[in-house]
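**Q** query_29.txt (compact mmCIF, C-alpha atoms) pasted underneath:
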# COMPACT_ATOMS: atom_id res chain seq x y z
CA MET T 1 16.53 120.92 18.99
CA ASP T 2 19.52 122.97 20.10
CA ILE T 3 21.42 124.06 23.22
CA VAL T 4 22.44 127.71 23.57
CA ARG T 5 24.25 129.89 26.11
CA PHE T 6 21.65 132.69 26.26
CA GLU T 7 17.99 132.81 27.26
CA PRO T 8 16.24 132.11 23.95
CA SER T 9 12.95 133.70 22.93
CA ALA T 10 10.51 132.67 20.23
CA ASN T 11 10.80 136.18 18.65
CA GLU T 12 14.41 135.52 17.72
CA GLY T 13 13.46 132.21 16.09
CA ALA T 14 15.08 130.30 18.93
CA GLY T 15 11.89 128.90 20.47
CA ARG T 16 13.07 125.26 20.31
CA ALA T 17 16.48 125.96 21.84
CA LEU T 18 17.32 125.16 25.45
CA PRO T 19 19.69 127.25 27.58
CA VAL T 20 22.74 125.39 28.94
CA SER T 21 21.64 126.17 32.51
CA SER T 22 18.49 124.05 32.08
CA VAL T 23 20.38 120.94 30.90
CA ALA T 24 21.56 119.21 34.09
CA ASN T 25 23.73 116.60 32.39
CA PHE T 26 25.75 119.09 30.30
CA PHE T 27 29.44 119.27 31.27
CA GLU T 28 32.31 121.32 29.88
CA ALA T 29 35.90 120.17 30.13
CA ALA T 30 38.80 122.55 29.52
CA THR T 31 41.36 119.75 29.10
CA ALA T 32 41.49 116.03 28.30
CA LEU T 33 42.33 115.39 31.97
CA ALA T 34 39.27 117.31 33.13
CA ALA T 35 37.10 115.37 30.67
CA LYS T 36 38.06 112.09 32.38
CA GLN T 37 35.91 112.75 35.49
CA PHE T 38 32.77 113.56 33.44
CA CYS T 39 33.02 110.45 31.23
CA ARG T 40 31.85 108.19 34.07
CA LYS T 41 28.66 110.18 34.71
CA ARG T 42 25.48 108.59 33.35
CA SER T 43 24.06 110.10 30.13
CA ALA T 44 26.52 112.98 30.18
CA LEU T 45 26.65 115.55 27.38
CA LEU T 46 30.36 116.33 27.33
CA HIS T 47 31.72 119.42 25.57
CA PRO T 48 35.54 119.18 25.46
CA ALA T 49 36.88 122.71 24.80
CA GLY T 50 39.96 121.57 22.86
CA TYR T 51 38.22 118.55 21.25
CA GLU T 52 40.88 116.26 22.69
CA VAL T 53 39.58 113.23 24.60
CA ASP T 54 41.46 109.99 25.31
CA GLU T 55 40.09 106.91 23.53
CA GLY T 56 39.72 105.08 26.87
CA ASP T 57 37.52 107.92 28.16
CA LEU T 58 35.42 107.73 25.00
CA LEU T 59 34.83 104.05 25.73
CA GLU T 60 33.72 104.88 29.28
CA LEU T 61 31.43 107.61 27.98
CA ALA T 62 29.90 105.11 25.53
CA ARG T 63 29.31 102.62 28.38
CA ALA T 64 27.62 105.34 30.48
CA GLY T 65 25.33 106.25 27.54
CA GLY T 66 26.74 109.75 27.13
CA ALA T 67 27.67 111.78 24.07
CA ILE T 68 30.29 114.24 22.88
CA VAL T 69 29.01 117.73 22.03
CA PHE T 70 30.28 119.42 18.84
CA SER T 71 29.63 123.14 19.03
CA PHE T 72 29.27 125.39 15.98
CA SER T 73 30.03 128.57 17.96
CA ASP T 74 33.56 127.22 18.59
CA VAL T 75 34.11 127.24 14.82
CA LEU T 76 32.50 130.66 14.49
CA SER T 77 34.75 132.23 17.12
CA GLU T 78 37.96 131.19 15.34
CA ARG T 79 39.41 132.66 12.13
CA GLY T 80 41.71 131.45 9.34
CA PHE T 81 44.30 128.82 10.14
CA ARG T 82 43.11 128.31 13.73
CA ARG T 83 39.60 127.57 12.41
CA SER T 84 40.98 124.93 10.04
CA ILE T 85 42.94 123.28 12.89
CA LEU T 86 39.79 123.21 15.06
CA ILE T 87 37.71 121.61 12.26
CA SER T 88 40.49 119.05 11.79
CA LYS T 89 40.47 118.23 15.53
CA MET T 90 36.67 117.86 15.41
CA ARG T 91 36.95 115.47 12.45
CA LEU T 92 39.47 113.31 14.32
CA LEU T 93 37.33 113.24 17.47
CA LEU T 94 34.22 112.30 15.46
CA SER T 95 36.05 109.42 13.82
CA ALA T 96 37.34 108.28 17.26
CA CYS T 97 33.74 108.43 18.60
CA ARG T 98 32.59 106.25 15.69
CA LYS T 99 35.38 103.76 16.34
CA ARG T 100 34.56 103.48 20.08
CA GLY T 101 30.77 103.55 19.65
CA THR T 102 30.38 106.84 21.55
CA GLY T 103 27.38 109.01 20.70
CA PHE T 104 27.78 112.56 19.42
CA VAL T 105 25.49 115.55 19.02
CA PHE T 106 25.72 118.81 17.08
CA VAL T 107 24.59 122.07 18.70
CA THR T 108 25.29 125.78 18.24
CA LEU T 109 25.99 126.76 21.91
CA ALA T 110 25.30 130.28 20.65
CA LYS T 111 26.17 133.15 22.99
CA SER T 112 23.69 135.51 21.30
CA ALA T 113 20.87 135.41 18.76
CA ASN T 114 23.37 136.45 16.07
CA GLU T 115 25.28 133.17 16.53
CA PHE T 116 22.13 131.07 16.35
CA ARG T 117 21.98 128.77 13.29
CA SER T 118 19.21 126.80 11.55
CA ALA T 119 18.85 123.01 11.50
CA ARG T 120 19.98 122.95 7.86
CA GLU T 121 23.19 124.77 8.75
CA LEU T 122 23.86 122.39 11.67
CA SER T 123 23.27 119.46 9.33
CA ALA T 124 25.84 120.91 6.89
CA PHE T 125 28.25 121.33 9.83
CA ALA T 126 27.83 117.63 10.71
CA PHE T 127 28.35 116.63 7.07
CA VAL T 128 31.62 118.57 6.82
CA LEU T 129 32.88 116.87 9.99
CA GLY T 130 32.29 113.51 8.30
CA ALA T 131 28.95 112.36 9.74
CA THR T 132 26.76 110.32 7.42
CA ASP T 133 23.03 110.95 6.89
CA VAL T 134 22.15 108.13 9.31
CA GLU T 135 24.56 109.46 11.93
CA ARG T 136 23.10 112.96 11.61
CA LYS T 137 19.60 111.62 12.30
CA GLU T 138 20.91 109.49 15.17
CA ALA T 139 22.63 112.57 16.64
CA GLU T 140 19.33 114.48 16.61
CA LYS T 141 17.54 111.60 18.37
CA LYS T 142 20.37 111.23 20.89
CA LEU T 143 20.25 114.94 21.76
CA ARG T 144 16.49 114.80 22.31
CA ASN T 145 16.81 111.71 24.53
CA LEU T 146 19.72 113.04 26.61
CA VAL T 147 18.20 116.47 27.15
CA GLU T 148 14.97 114.92 28.45
CA LYS T 149 16.90 112.88 31.08
CA MET I 1 31.15 119.78 -23.84
CA ARG I 2 28.23 117.41 -23.34
CA PRO I 3 25.79 118.24 -20.51
CA THR I 4 26.76 115.04 -18.66
CA GLU I 5 30.40 116.15 -18.57
CA ARG I 6 29.65 119.55 -17.02
CA PHE I 7 29.51 120.34 -13.31
CA LYS I 8 26.24 119.20 -11.72
CA ARG I 9 24.93 122.44 -10.29
CA ARG I 10 22.85 123.42 -7.30
CA TYR I 11 21.44 126.89 -6.65
CA ILE I 12 21.17 128.18 -3.08
CA SER I 13 18.99 131.19 -2.29
CA PHE I 14 20.21 133.31 0.58
CA SER I 15 19.45 136.36 2.65
CA LEU I 16 22.30 138.74 3.40
CA SER I 17 22.37 141.43 6.06
CA LEU I 18 25.12 143.74 7.28
CA SER I 19 24.40 145.41 10.65
CA GLY I 20 20.76 144.47 10.17
CA LYS I 21 20.42 146.04 6.70
CA PRO I 22 20.92 144.59 3.20
CA PRO I 23 24.24 145.85 1.75
CA ALA I 24 24.66 147.38 -1.72
CA TYR I 25 25.42 145.09 -4.67
CA SER I 26 29.16 145.89 -4.92
CA GLU I 27 29.70 145.41 -1.17
CA ALA I 28 27.67 142.18 -1.11
CA LYS I 29 29.64 140.82 -4.06
CA GLU I 30 32.97 141.65 -2.42
CA MET I 31 31.81 140.19 0.90
CA VAL I 32 30.60 136.88 -0.55
CA HIS I 33 33.57 136.47 -2.92
CA SER I 34 36.24 137.20 -0.32
CA HIS I 35 34.55 134.99 2.30
CA PHE I 36 34.29 132.01 -0.06
CA LEU I 37 37.89 132.56 -1.19
CA SER I 38 39.15 132.66 2.39
CA PHE I 39 37.13 129.56 3.36
CA PHE I 40 37.87 127.33 0.34
CA GLY I 41 41.05 128.83 -1.16
CA GLU I 42 41.62 129.37 -4.90
CA SER I 43 41.65 125.67 -5.78
CA GLY I 44 38.55 125.01 -3.67
CA VAL I 45 36.52 127.81 -5.27
CA SER I 46 37.40 126.56 -8.77
CA SER I 47 36.24 122.99 -8.01
CA LEU I 48 33.16 124.33 -6.22
CA ALA I 49 31.90 125.94 -9.49
CA PHE I 50 30.96 128.92 -7.35
CA LYS I 51 29.14 131.93 -8.81
CA LEU I 52 27.04 134.72 -7.36
CA VAL I 53 24.13 134.44 -9.80
CA LYS I 54 21.80 137.13 -8.57
CA TYR I 55 21.53 139.66 -5.75
CA ASP I 56 18.80 142.15 -4.99
CA ALA I 57 20.11 145.04 -2.87
CA GLN I 58 16.54 146.10 -1.93
CA SER I 59 15.57 142.86 -0.18
CA GLY I 60 19.07 141.53 0.54
CA ARG I 61 18.15 138.26 -1.14
CA GLY I 62 20.22 136.50 -3.75
CA ILE I 63 21.16 133.24 -5.40
CA LEU I 64 24.52 131.54 -5.62
CA ARG I 65 25.63 128.48 -7.54
CA CYS I 66 27.78 125.56 -6.38
CA GLU I 67 28.66 122.01 -7.34
CA ARG I 68 26.01 119.43 -6.35
CA SER I 69 28.18 117.19 -4.18
CA ARG I 70 29.53 120.17 -2.22
CA THR I 71 26.26 121.88 -1.29
CA ASP I 72 26.73 121.16 2.41
CA GLU I 73 30.23 122.66 2.39
CA ALA I 74 28.88 125.78 0.68
CA ILE I 75 26.09 126.05 3.27
CA LEU I 76 28.59 125.68 6.15
CA CYS I 77 30.76 128.35 4.53
CA MET I 78 27.74 130.68 4.41
CA ALA I 79 26.94 129.92 8.05
CA CYS I 80 30.52 130.78 9.07
CA LEU I 81 30.19 134.40 7.97
CA SER I 82 29.42 136.46 11.07
CA GLU I 83 31.60 139.58 10.76
CA TRP I 84 32.64 141.90 7.96
CA LYS I 85 34.99 144.87 8.50
CA GLY I 86 34.09 145.06 12.18
CA ALA I 87 30.32 144.95 11.63
CA SER I 88 28.11 141.95 12.33
CA CYS I 89 26.64 140.27 9.29
CA ARG I 90 24.68 137.17 8.40
CA LEU I 91 24.56 135.12 5.19
CA GLU I 92 21.60 132.85 5.76
CA PRO I 93 20.86 130.01 3.31
CA LEU I 94 17.13 129.83 2.59
CA SER I 95 16.57 127.01 0.12
CA THR I 96 18.38 124.77 -2.34
CA SER I 97 17.31 123.70 -5.82
CA GLY I 98 18.62 122.33 -9.10
CA THR I 99 17.01 125.15 -11.07
CA ILE I 100 16.77 128.88 -10.49
CA LYS I 101 13.08 128.85 -11.35
CA ARG I 102 12.13 126.59 -8.44
CA LEU I 103 13.87 128.65 -5.74
If you took the structure in this file and wrote it as structure tokens, what would it be?

**A**
Amino acid sequence: MDIVRFEPSANEGAGRALPVSSVANFFEAATALAAKQFCRKRSALLHPAGYEVDEGDLLELARAGGAIVFSFSDVLSERGFRRSILISKMRLLLSACRKRGTGFVFVTLAKSANEFRSARELSAFAFVLGATDVERKEAEKKLRNLVEK
Amino acid sequence: MRPTERFKRRYISFSLSLSGKPPAYSEAKEMVHSHFLSFFGESGVSSLAFKLVKYDAQSGRGILRCERSRTDEAILCMACLSEWKGASCRLEPLSTSGTIKRL
């Protein structure tokens, strides 16, 4: 399962992807301050643009049953040194999520069919960020559960 | 060197397209090599045991080799290739195996 930013069609191999507009509990936060207000919402899927969230907010998100969204298209849109900084920020946030017991999910958030990636590639993305095999499976389950809410 | 002391290898089959068409061998080789070098750096590529084993310019399919414990990193690197000299491209991993024969 995946969340994307365009209207997916089965012809493009994106039949199992959901557009962002159809996921009611998906929130995007431009800053850590903006993320604060979404952390209290029940079962929220929070995508922090800069991957900077306070640890207290992560705790609140964990209590509300929400999850942090790690997007592959964010990595794809950056190049060189900026890409390495972004991956580093994602690694830190994932380890903070683990420490606070907050859930996390891995999606592409693709803007077009060209940015769409397979489940194997998303799994490799999760591995590079430091997620274990068990956490990767948990993330898939969590995404399915939260999207259905 | 004994076989147990060598790199444990994995082979990844892939499909490569540049603006929707498979590129020629020389261009594909340059594309893959420079992308891996930019992603991993010189030290990273050497420890990755990376090699472009085979590439068929007709179908755009090929095989590359990497170190067993770093297969996921190699797959992420392949997934990160989306543009080459201003044109859109895609390096899609298809399957992974310990032998070329089973791919």

**Q** Quote the spacing between CA of Glu28 in chain T and CA of Leu46 in chain T in Å to one decimal place.

**A**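 A separation of 5.9 Å between them.
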
**Q** Can you write out as CSV which residues of chain I fall within 10 Å of chain T, alongside each residue's closest atom pair and its distance in Å to one decimal, counting only C-alpha atoms and ordering rows by chain and ascending residue number?

**A**
residue,atom,partner,partner_atom,distance
I:Ser38,CA,T:Gly80,CA,7.5
I:Phe39,CA,T:Gly80,CA,7.8
I:Arg70,CA,T:Val128,CA,9.4
I:Thr71,CA,T:Ala124,CA,8.2
I:Asp72,CA,T:Ala124,CA,4.6
I:Glu73,CA,T:Val128,CA,6.2
I:Ala74,CA,T:Ala124,CA,8.5
I:Ile75,CA,T:Ala124,CA,6.3
I:Leu76,CA,T:Ala124,CA,5.6
I:Cys77,CA,T:Phe125,CA,9.1
I:Met78,CA,T:Glu121,CA,8.6
I:Ala79,CA,T:Glu121,CA,6.4
I:Cys80,CA,T:Leu76,CA,5.8
I:Leu81,CA,T:Leu76,CA,7.9
I:Ser82,CA,T:Leu76,CA,7.4
I:Glu83,CA,T:Leu76,CA,9.7
I:Ser88,CA,T:Asn114,CA,8.2
I:Cys89,CA,T:Asn114,CA,8.4
I:Arg90,CA,T:Asn114,CA,7.8
I:Glu92,CA,T:Arg117,CA,8.6
I:Pro93,CA,T:Glu121,CA,7.9
I:Leu94,CA,T:Arg120,CA,9.1
I:Ser95,CA,T:Arg120,CA,9.4

**Q** If you measure from CA of Lys101 in chain I to CA of Leu64 in chain I, what distance in Å do you get, rounded to one decimal?

**A**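 Between CA of Lys101 in chain I and CA of Leu64 in chain I the gap is 13.1 Å.
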
**Q** I want to know what sits within 9 Å of Gly103 in chain T, based on all atoms listed in the file, with residues of the same chain fewer than 6 positions away left out; could you give that as a ChimeraX atom specification?

**A** /T:61-62,65-69,97,138-139,142

**Q** May I ask which of the residues T:Arg63, T:His47, T:Arg136, T:Lys141 is the closest one to Ala32 in chain T, counting only C-alpha atoms?

**A** T:His47

**Q** Please measure the separation of CA of Tyr55 in chain I and CA of Gly41 in chain I, giving the value in Å to one decimal.

**A**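 Calculated distance between CA of Tyr55 in chain I and CA of Gly41 in chain I is 22.8 Å.
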
**Q** Excluding same-chain residues fewer than 5 positions from Ser15 in chain I, what lies within 6 Å of it counting all atoms listed in the file, as a list in words?

**A**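 Using all atoms listed in the file, the neighbours found are Gly60, Arg61, Leu91 and Glu92 of chain I.
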
**Q** Fewer than 5 positions away in the same chain doesn't count, so skip those; otherwise give me all residues within 9 Å of range 33-37 of chain T, counting all atoms listed in the file, as a PyMOL selection string.

**A** chain T and resi 27-28+46-48+52-54+57-58+60
